[in-house]
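Printed here is query_25.cif (mmCIF, C-alpha atoms and all ligand atoms):
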data_model
loop_
_atom_site.label_atom_id
_atom_site.label_comp_id
_atom_site.auth_asym_id
_atom_site.auth_seq_id
_atom_site.Cartn_x
_atom_site.Cartn_y
_atom_site.Cartn_z
CA MET I 154 0.00 0.00 0.00
CA THR I 155 1.33 3.44 -0.89
CA GLN I 156 2.00 5.61 2.11
CA HIS I 157 1.25 9.25 1.35
CA THR I 158 2.93 12.14 3.13
CA GLN I 159 -0.35 13.17 4.72
CA ASP I 160 -0.49 9.74 6.45
CA LEU I 161 2.86 10.26 8.14
CA PRO I 162 3.39 12.19 11.37
CA PRO I 163 4.14 15.86 10.58
CA VAL I 164 7.70 16.68 11.56
CA ARG I 165 8.34 19.83 9.56
CA ALA I 166 7.72 20.87 5.98
CA LEU I 167 9.86 19.10 3.43
CA ARG I 168 12.22 21.55 1.76
CA VAL I 169 12.82 21.11 -1.94
CA ALA I 170 15.21 22.97 -4.21
CA VAL I 171 13.88 23.48 -7.71
CA ILE I 172 16.66 23.78 -10.28
CA VAL I 173 15.74 24.95 -13.77
CA GLY I 174 18.12 24.13 -16.59
CA SER I 175 17.21 27.11 -18.78
CA LEU I 176 18.52 30.64 -18.30
CA ARG I 177 16.19 32.09 -20.93
CA ARG I 178 13.98 34.94 -19.73
CA ASP I 179 10.82 33.48 -21.27
CA SER I 180 11.76 29.88 -20.56
CA THR I 181 8.94 27.41 -21.03
CA THR I 182 10.73 25.04 -18.68
CA ARG I 183 10.67 27.66 -15.94
CA ARG I 184 6.97 28.27 -16.50
CA ILE I 185 6.27 24.56 -16.19
CA ALA I 186 8.38 24.51 -13.02
CA ARG I 187 6.33 27.39 -11.59
CA ALA I 188 3.10 25.60 -12.47
CA ALA I 189 4.33 22.44 -10.75
CA MET I 190 5.49 24.33 -7.66
CA ALA I 191 2.06 25.91 -7.36
CA ARG I 192 0.62 22.39 -7.21
CA ALA I 193 2.95 21.04 -4.52
CA PRO I 194 1.05 19.34 -1.71
CA ARG I 195 0.77 20.89 1.72
CA GLY I 196 3.88 20.10 3.72
CA MET I 197 6.35 20.48 0.84
CA GLN I 198 7.97 23.85 0.38
CA CYS I 199 9.61 24.37 -3.03
CA ASP I 200 12.05 27.18 -3.77
CA VAL I 201 13.93 27.90 -6.97
CA VAL I 202 17.70 27.88 -6.56
CA ASP I 203 19.18 29.98 -9.36
CA ILE I 204 22.13 28.66 -11.31
CA GLY I 205 22.58 31.44 -13.87
CA ASP I 206 25.30 33.32 -12.00
CA LEU I 207 27.49 30.34 -11.17
CA PRO I 208 30.99 30.78 -12.64
CA HIS I 209 32.03 27.83 -14.81
CA PHE I 210 33.42 25.01 -12.79
CA ASN I 211 37.20 25.09 -12.82
CA GLN I 212 39.23 22.81 -10.60
CA ASP I 213 41.82 25.58 -10.17
CA LEU I 214 39.24 27.54 -8.16
CA GLU I 215 38.51 24.77 -5.69
CA HIS I 216 40.90 26.05 -3.00
CA GLU I 217 39.20 29.46 -3.03
CA PRO I 218 35.70 28.80 -4.33
CA PRO I 219 33.77 31.75 -5.79
CA ALA I 220 31.13 33.15 -3.44
CA ALA I 221 28.35 32.11 -5.83
CA TRP I 222 29.50 28.48 -5.60
CA MET I 223 29.35 28.61 -1.81
CA THR I 224 25.90 30.22 -1.82
CA PHE I 225 24.67 27.49 -4.15
CA ARG I 226 26.20 24.71 -2.03
CA GLN I 227 24.63 26.17 1.13
CA ALA I 228 21.23 26.32 -0.54
CA ILE I 229 21.46 22.67 -1.53
CA ALA I 230 22.76 21.59 1.88
CA ALA I 231 19.59 23.02 3.45
CA VAL I 232 17.07 20.95 1.48
CA ASP I 233 15.60 17.48 1.66
CA GLY I 234 15.29 16.94 -2.07
CA VAL I 235 16.03 18.42 -5.46
CA LEU I 236 13.62 18.69 -8.34
CA PHE I 237 15.22 19.28 -11.73
CA PHE I 238 13.30 20.83 -14.61
CA THR I 239 15.32 20.60 -17.77
CA PRO I 240 14.96 21.50 -21.41
CA GLU I 241 16.73 19.35 -23.97
CA TYR I 242 19.77 20.65 -25.82
CA ASN I 243 21.11 18.37 -28.52
CA ARG I 244 19.52 15.32 -26.91
CA SER I 245 21.08 16.03 -23.54
CA PHE I 246 20.60 18.51 -20.71
CA PRO I 247 22.06 22.03 -20.92
CA GLY I 248 25.57 22.90 -19.88
CA CYS I 249 24.42 25.39 -17.23
CA LEU I 250 22.71 22.56 -15.39
CA LYS I 251 25.74 20.29 -15.67
CA ASN I 252 27.86 23.15 -14.35
CA ALA I 253 25.63 23.51 -11.28
CA ILE I 254 25.70 19.77 -10.65
CA ASP I 255 29.49 19.68 -10.98
CA ILE I 256 29.83 22.58 -8.53
CA GLY I 257 27.54 20.85 -6.04
CA GLY I 258 29.49 17.62 -6.38
CA ARG I 259 32.82 19.05 -5.31
CA PRO I 260 35.08 18.92 -3.41
CA HIS I 261 35.42 15.27 -4.29
CA GLY I 262 33.78 13.14 -1.61
CA SER I 263 31.49 15.94 -0.44
CA ALA I 264 28.19 14.50 0.70
CA LEU I 265 26.05 17.26 -0.78
CA TRP I 266 24.32 15.22 -3.49
CA ASN I 267 24.96 11.84 -1.89
CA GLY I 268 21.64 10.22 -1.03
CA MET I 269 19.64 13.34 -1.92
CA PRO I 270 16.23 12.38 -3.35
CA ALA I 271 15.74 13.81 -6.82
CA GLY I 272 13.05 14.21 -9.43
CA ILE I 273 13.49 14.95 -13.12
CA VAL I 274 10.99 16.75 -15.33
CA SER I 275 12.05 17.30 -18.94
CA VAL I 276 10.26 19.89 -21.03
CA SER I 277 10.23 20.39 -24.78
CA PRO I 278 8.21 22.18 -27.45
CA HIS I 279 8.54 18.97 -29.48
CA ALA I 280 6.89 15.58 -29.32
CA LEU I 281 9.58 13.58 -27.51
CA GLY I 282 9.29 15.65 -24.34
CA GLY I 283 13.02 15.90 -23.76
CA PHE I 284 13.45 12.17 -23.27
CA GLY I 285 17.16 12.39 -24.12
CA ALA I 286 17.79 15.16 -21.58
CA ASN I 287 15.81 13.34 -18.94
CA HIS I 288 17.82 10.16 -19.22
CA ALA I 289 21.20 11.84 -19.66
CA LEU I 290 20.52 13.65 -16.38
CA ARG I 291 19.38 10.41 -14.78
CA GLN I 292 22.71 8.87 -15.74
CA THR I 293 24.64 11.66 -14.03
CA LEU I 294 22.54 11.26 -10.88
CA VAL I 295 23.47 7.58 -10.74
CA TYR I 296 27.14 8.49 -10.38
CA LEU I 297 26.32 11.06 -7.69
CA ASN I 298 24.21 8.53 -5.78
CA MET I 299 21.10 10.67 -5.98
CA PRO I 300 18.07 8.41 -5.89
CA ALA I 301 15.89 9.73 -8.73
CA MET I 302 12.19 8.97 -8.57
CA GLN I 303 11.40 6.45 -11.26
CA GLN I 304 7.61 6.71 -11.50
CA PRO I 305 5.83 8.70 -12.57
CA GLU I 306 8.22 9.75 -15.32
CA ALA I 307 7.73 13.30 -16.58
CA TYR I 308 8.37 14.12 -20.22
CA ILE I 309 6.42 17.31 -20.89
CA ALA I 310 5.97 17.39 -24.67
CA MET I 311 4.52 20.23 -26.79
CA ALA I 312 4.95 22.31 -23.67
CA GLU I 313 4.09 25.65 -25.23
CA THR I 314 0.58 24.37 -26.01
CA LEU I 315 -0.15 23.57 -22.38
CA MET I 316 -0.12 27.12 -21.01
CA ASP I 317 -1.46 30.50 -22.01
CA ALA I 318 0.72 33.61 -22.41
CA ALA I 319 0.59 34.27 -18.67
CA GLY I 320 1.91 30.79 -17.90
CA THR I 321 -1.42 29.49 -16.65
CA VAL I 322 -1.96 25.81 -17.35
CA THR I 323 -4.92 25.55 -19.68
CA ARG I 324 -5.50 21.80 -19.78
CA ALA I 325 -7.13 19.77 -17.03
CA THR I 326 -4.96 16.75 -17.89
CA THR I 327 -1.77 18.80 -17.38
CA ASP I 328 -3.09 20.23 -14.14
CA LYS I 329 -3.88 16.72 -12.89
CA PHE I 330 -0.56 15.29 -14.02
CA LEU I 331 1.45 18.04 -12.31
CA ARG I 332 -0.50 17.60 -9.07
CA GLN I 333 0.03 13.85 -9.12
CA TYR I 334 3.70 14.26 -9.93
CA MET I 335 4.27 16.68 -7.07
CA GLN I 336 2.41 14.43 -4.63
CA ALA I 337 4.48 11.44 -5.76
CA PHE I 338 7.66 13.46 -5.35
CA ALA I 339 6.66 14.53 -1.85
CA ASP I 340 6.06 10.88 -1.01
CA TRP I 341 9.45 9.96 -2.48
CA VAL I 342 11.33 12.58 -0.48
CA HIS I 343 9.47 11.67 2.67
CA LEU I 344 10.15 7.98 2.21
CA LEU I 345 13.89 8.58 1.90
CA ARG I 346 14.22 11.40 4.38
CA SER I 347 11.87 10.46 7.22
CA PRO I 348 14.59 8.79 9.32
CA VAL I 349 16.60 12.02 9.11
CA LEU I 350 13.58 14.21 9.86
CA VAL I 351 12.50 12.14 12.84
CA ALA I 352 16.05 12.01 14.23
CA ALA I 353 16.35 15.79 13.91
CA ALA I 354 13.09 16.30 15.78
CA THR I 355 13.95 14.03 18.72
C1 LIG I 401 21.29 24.62 -28.39
C2 LIG I 401 19.89 24.08 -28.49
C3 LIG I 401 19.69 22.74 -28.71
C4 LIG I 401 18.40 22.21 -28.74
N1 LIG I 401 18.23 20.86 -28.87
C5 LIG I 401 16.98 20.33 -28.69
C6 LIG I 401 16.81 18.93 -28.59
O1 LIG I 401 17.75 18.15 -28.65
N2 LIG I 401 15.56 18.47 -28.36
C7 LIG I 401 14.47 19.29 -28.23
O2 LIG I 401 13.37 18.81 -28.00
N3 LIG I 401 14.62 20.63 -28.34
C8 LIG I 401 15.84 21.17 -28.56
N4 LIG I 401 16.02 22.53 -28.60
C9 LIG I 401 14.82 23.40 -28.56
C10 LIG I 401 14.45 23.68 -27.11
O3 LIG I 401 13.66 22.60 -26.64
C11 LIG I 401 13.66 24.98 -27.05
O4 LIG I 401 14.49 26.05 -27.44
C12 LIG I 401 13.10 25.22 -25.67
O5 LIG I 401 12.20 26.29 -25.71
C13 LIG I 401 14.18 25.48 -24.65
O6 LIG I 401 13.63 25.49 -23.35
P1 LIG I 401 13.25 26.85 -22.59
O7 LIG I 401 12.04 27.41 -23.29
O8 LIG I 401 12.94 26.41 -21.22
O9 LIG I 401 14.42 27.77 -22.69
C14 LIG I 401 17.29 23.08 -28.61
C15 LIG I 401 17.51 24.45 -28.40
C16 LIG I 401 18.78 24.94 -28.35
C17 LIG I 401 18.99 26.42 -28.08
#
This entry written out as structure tokens:
Amino acid sequence: MTQHTQDLPPVRALRVAVIVGSLRRDSTTRRIARAAMARAPRGMQCDVVDIGDLPHFNQDLEHEPPAAWMTFRQAIAAVDGVLFFTPEYNRSFPGCLKNAIDIGGRPHGSALWNGMPAGIVSVSPHALGGFGANHALRQTLVYLNMPAMQQPEAYIAMAETLMDAAGTVTRATTDKFLRQYMQAFADWVHLLRSPVLVAAAT
């Protein structure tokens, strides 16, 4: 039987970092992320962690990391889970997102990503829904030991047809899917994090 977050004893709100792999001002991926965040269940707080100002990862900088790297690492260290929304660039995920993941994964052996529950939503104006980006990212998360929710998968195809100009979701099926996805992700984070949450509260 599936155990939903509302069935579990409330400890504190789950904190989730939302990372968007597009820096574009009018990004469709970001609008989908906002629509999903607005449908998060009670008890899961989602905040966007920006990655646009992160200097390129360079191992030479590791002894004196740029302030933006440290701010990013602190933001990730404070959350219970990470939800990635990614467009697809050339059948993979964009370099800005890889840069953020690389920065979070260093110094080598740092536990920042290790064991962190993750979700992946790929977004595309085309029919394949960013399948290539979704699975390329999934592959990277395997190496980082980030347990990525397997079901439901989220490949948001023809994304520009799902919202109006203001970013409001116009289709009931999309609304329902995003709600179900966010509930499933809350359950996933809770399942993996509840021992930590309970220990912190006692
Ligand atoms: C460099 C580049 C490569 C792209 N490659 C793909 C691709 O492999 N698959 C795809 O579905 N769309 C591809 N696109 C189109 C993007 O899906 C589209 O530009 C989308 O709007 C980007 O997401 P955003 O609106 O969140 O910025 C590519 C776009 C760019 C700029």
Give as an NGL selection string the residues surrounding ligand LIG 401 (chain I) up to a distance of 8 Å, considering all atoms listed in the file.
:I and (174-184 or 239-245 or 247 or 276-283 or 285-286)
Which residues are near I:Gln227? Cut-off 12 Å, only C-alpha atoms, ignore same chain within fewer than 3 positions. Put them as a PDB file with C-alpha atoms, in the frame of the given file.
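The result, written out as selection.pdb:
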ATOM      1  CA  ALA I 170      15.210  22.970  -4.210  1.00  0.00           C
ATOM      2  CA  VAL I 202      17.700  27.880  -6.560  1.00  0.00           C
ATOM      3  CA  ALA I 220      31.130  33.150  -3.440  1.00  0.00           C
ATOM      4  CA  ALA I 221      28.350  32.110  -5.830  1.00  0.00           C
ATOM      5  CA  TRP I 222      29.500  28.480  -5.600  1.00  0.00           C
ATOM      6  CA  MET I 223      29.350  28.610  -1.810  1.00  0.00           C
ATOM      7  CA  THR I 224      25.900  30.220  -1.820  1.00  0.00           C
ATOM      8  CA  ALA I 230      22.760  21.590   1.880  1.00  0.00           C
ATOM      9  CA  ALA I 231      19.590  23.020   3.450  1.00  0.00           C
ATOM     10  CA  VAL I 232      17.070  20.950   1.480  1.00  0.00           C
ATOM     11  CA  ILE I 256      29.830  22.580  -8.530  1.00  0.00           C
ATOM     12  CA  GLY I 257      27.540  20.850  -6.040  1.00  0.00           C
ATOM     13  CA  LEU I 265      26.050  17.260  -0.780  1.00  0.00           C
ATOM     14  CA  TRP I 266      24.320  15.220  -3.490  1.00  0.00           C
TER      15      TRP I 266
END
For a quick check of your reading of the model, name the residues lying within 8 Å of the coordinate (30.9, 25.4, -15.0), counting only C-alpha atoms, and write them as a list in words.
Leu207, Pro208, His209, Phe210, Asn211, Gly248, Cys249, Lys251, Asn252, Ala253, Asp255 and Ile256 of chain I
Selected residue of minimal separation from I:Ala166 among I:Ala188, I:Leu214, I:Ala319, I:Cys199, counting all atoms listed in the file:
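Once distances to I:Ala166 are computed over all atoms listed in the file, the minimum belongs to I:Cys199.
The gap separating atom CA of I:Tyr296 from atom CA of I:Met190 is 27.0 Å, in Å to one decimal.
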Closest atom pairs, stretch 163-219 of chain I residues within 7 Å of stretch 327-341 of chain I, only C-alpha atoms, as JSON lines:
{"residue": "I:Ala189", "atom": "CA", "partner": "I:Leu331", "partner_atom": "CA", "distance": 5.5}
{"residue": "I:Arg192", "atom": "CA", "partner": "I:Arg332", "partner_atom": "CA", "distance": 5.3}
{"residue": "I:Ala193", "atom": "CA", "partner": "I:Met335", "partner_atom": "CA", "distance": 5.2}
{"residue": "I:Pro194", "atom": "CA", "partner": "I:Gln336", "partner_atom": "CA", "distance": 5.9}
{"residue": "I:Met197", "atom": "CA", "partner": "I:Ala339", "partner_atom": "CA", "distance": 6.5}
Hey, can you check how far atom CA of I:Gly268 sits from atom CA of I:Ser347?
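Distance reported for this atom pair: 12.8 Å.
The nearest approach to I:Val171 among the residues I:Phe237, I:Tyr308, I:Phe284, I:Phe246, with only C-alpha atoms taken into account, belongs to I:Phe237.
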What does the structure give for the distance between atom CA of I:Asn298 and atom CA of I:Leu250, in Å to one decimal?
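Computing the Euclidean distance for atom CA of I:Asn298 and atom CA of I:Leu250 yields 17.1 Å.
The residue set within 12 Å of I:Leu297, counting all atoms listed in the file and dropping same-chain residues fewer than 2 places from it, reads Ile254, Asp255, Gly257, Gly258, Arg259, His261, Gly262, Ser263, Ala264, Leu265, Trp266, Asn267, Gly268, Met269, Pro270, Ala271, Leu290, Arg291, Gln292, Thr293, Leu294, Val295, Met299, Pro300 and Ala301 of chain I.
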Calculated over only C-alpha atoms, which of the candidates I:Arg187, I:His216, I:Arg324, I:Arg226 has the smallest distance to I:Asp200?
I:Arg187
If we count only C-alpha atoms and set the cut-off at 12 Å, which residues sit around I:Arg165, ignoring sequence neighbours fewer than 5 positions away in its own chain? Please answer as a VMD selection string.
chain I and resid 158 to 159 195 to 198 232 to 233 343 346 to 347 349 to 354
With all atoms listed in the file as the counted atoms, please give the residues lying no more than 7 Å from I:Ile273, apart from itself and same-chain residues fewer than 6 positions off, as a PDB file with C-alpha atoms, in the coordinates of the input.
ATOM      1  CA  LEU I 236      13.620  18.690  -8.340  1.00  0.00           C
ATOM      2  CA  PHE I 237      15.220  19.280 -11.730  1.00  0.00           C
ATOM      3  CA  PHE I 238      13.300  20.830 -14.610  1.00  0.00           C
ATOM      4  CA  ASN I 287      15.810  13.340 -18.940  1.00  0.00           C
ATOM      5  CA  ALA I 307       7.730  13.300 -16.580  1.00  0.00           C
TER       6      ALA I 307
END
Which residue out of I:Met311, I:Asp317, I:Pro260, I:Phe225 has the minimum interatomic distance to I:Gln212 when only C-alpha atoms are used?
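Result for the nearest residue to I:Gln212: I:Pro260.
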